[in-house]
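Reading through the structure tokens given below for one structure.
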Amino acid sequence: MAVSRNDVLAALDQVIDPVSGRSVVQQDMVQGLVVRDGHVGFALEVDDNRGREAEPLRLAVEAAAKAVPGVLSVTAVLTAHDGAPSDHHSHDHGHSHSGGHSAAPPPPRQAPTGPTGVEGVKHIIAVASGKGGVGKSTVAVNLALSLSKLGLKVGLLDADIYGPSVPRLLDITTKPETTDGKRILPIEKYGIKSMSLGFIIREDEAAIWRGPMVQSALMQFINQVNWAPLDVLVLDMPPGTGDAQLTITQRVAMAGAVIVSTPQDIALIDARKAIAMFGKVQVPILGIVENMSMFVCANCGHEHPIFGHGGARATAETVGAPFLGEIPLVLKIRELSDLGTPIAVAEPVGPEAAAFMAVAKKVATALETTQRAAPKIVLE
């Protein structure tokens, strides 16, 4: 039996928020509802001052959605916003009150906790770029696969909520399952564990989620997925240096970051911004990768610097970061990526796979030797 959005909304409309006495649907608390092949995902948005006190309500809406015939799994995240106060608070609407008592000040907000690790995961690394279009996800996938070939237990989290690429790059069309409706089971393929929002929503369906919803979904994918045991969890970060990136770096204890850039100046400018962001939150830079370094003609074998050459190496020297290697601009890498058979597994003995393996070996060595200082958030 196929389940629809209306079926889920009708069930959620029966869940009453104990604070207001109205349903969560009537109050527009259900945001970003996605229903695909029996798998349901949405965010329950509450006022900022309720915070974790609304967890029982989240469990209630999750249970209501699970009870809908045809629903196989439910992912419900709790998000808070700084909107208007809830109906249960008293407000002064311009009327005078005897005694002149003003409303009680809101309770102080708790300071955010520092970065924490993931149980059973030794190292968490980010693969990041200052801008899109530099092949970051292709590098992340092939890096993860190459680390696995070195004998490490590896996981890959597609942290790009708005533009998930891992489902296509790994040709994964199955949906993740859950254990007792609470823990999410990552999907295993090519010897690595992976998770992506793209496993839940259709490839042509947009995740129209606001910042707090994205941040909550990311933290759920990090903390509520059965990653363990892993030696390395690779995070394919969203491009740029916005809220999602800062949320991850401030809440997740990272062993380091790999920066991906093409050789051209415009990409390197943004790569330096990404390096600066990680520096502010004291995440070590494991190194810089120059992707699409040289175009190699499939017919004559000649190399052509279409986007320039050597820019990433020069940037690494300027900022004092290791240079991890060059990945050539080869049609074969793009074709195999589109087919869901990454070059690292499709042609493991070829020169392109060797380039990714060289990067993986340097990253693995860096993880063995890098000692991360205690994290500290720097505010300017």
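Scheme for the structure tokens: letters A, B, ... for chains in order shown; per-chain residue numbers from 1; ligand numbers from 1 in order shown.
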
(request) Run DSSP on the backbone of this structure and report the residues of region 155-357 of chain A it assigns to helix (DSSP H, G or I), as a VMD selection string. (result) chain A and resid 166 to 169 197 to 199 211 to 223 243 to 251 265 to 280 311 to 319 331 to 338 343 to 346 351 to 357

(request) May I have the residues within 8 Å of region 253-256 of chain A as a list in words, using only C-alpha atoms and disregarding those fewer than 5 positions away in the same chain? (result)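 Those residues are Pro115, Thr116, Gly117, His123, Ile124, Ile125, Ala126, Val283, Pro284, Ile285, Leu286, Leu367, Thr370, Arg372 and Pro375 of chain A.
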
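Note that the spacing between CA of Thr262 (chain A) and CA of Gly340 (chain A) amounts to 22.5 Å.
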
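Nearest residue to Met294 (chain A), choosing from A:Asp37, A:Glu326, A:Glu53, A:Glu352 and counting only C-alpha atoms: A:Glu326.
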
(request) Assign secondary structure with DSSP using the backbone only, and return the residues of region 120-354 of chain A in strand (DSSP E) as an MDAnalysis selection string. (result) chainID A and resid 121:128 154:158 178:179 183:184 187:189 192:196 230:236 256:261 285:290 295:296 303:304 323:326

(request) List the neighbours of region 173-190 of chain A out to 6 Å using only C-alpha atoms; skip same-chain residues closer than 5 positions along the sequence, and give me the result as a ChimeraX atom specification. (result) /A:195,199,224-226

(message) One decimal, in Å: what's the spacing between CA of Val121 (chain A) and CA of Ser146 (chain A)?
(response)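 Going from CA of Val121 (chain A) over to CA of Ser146 (chain A), I get 17.9 Å.
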
(message) What does the structure give for the distance between CA of Leu331 (chain A) and CA of Ile269 (chain A), in Å to one decimal?
(response)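 Atom-to-atom, CA of Leu331 (chain A) to CA of Ile269 (chain A), that is 26.0 Å.
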
(request) Determine the nearest neighbour of Val363 (chain A) from the options A:Val154, A:Val296, A:Leu324, A:Val40, counting only C-alpha atoms. (result) A:Leu324

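In terms of minimum interatomic distance to Lys66 (chain A), A:Val3 ranks closest within A:Met219, A:Val3, A:Val24, A:Ala364, counting only C-alpha atoms.
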
Interface rows for region 243-285 of chain A against region 129-142 of chain A: nearest pair, Å to one decimal, 7 Å, only C-alpha atoms, as a Markdown table:
```
| residue | atom | partner | partner_atom | distance |
| --- | --- | --- | --- | --- |
| A:Ile259 | CA | A:Ser129 | CA | 5.5 |
| A:Val260 | CA | A:Ser129 | CA | 5.2 |
| A:Ser261 | CA | A:Val134 | CA | 5.7 |
| A:Thr262 | CA | A:Val134 | CA | 5.8 |
| A:Ala267 | CA | A:Lys131 | CA | 6.9 |
| A:Asp270 | CA | A:Gly130 | CA | 4.3 |
| A:Ala271 | CA | A:Gly130 | CA | 4.5 |
| A:Lys273 | CA | A:Gly130 | CA | 6.1 |
| A:Ala274 | CA | A:Gly130 | CA | 5.0 |
```

(request) Quick one: everything within 9 Å of Gly120 (chain A), counting only C-alpha atoms, minus sequence neighbours fewer than 5 positions away in the same chain. Send it as a VMD selection string. (result) chain A and resid 227 to 231
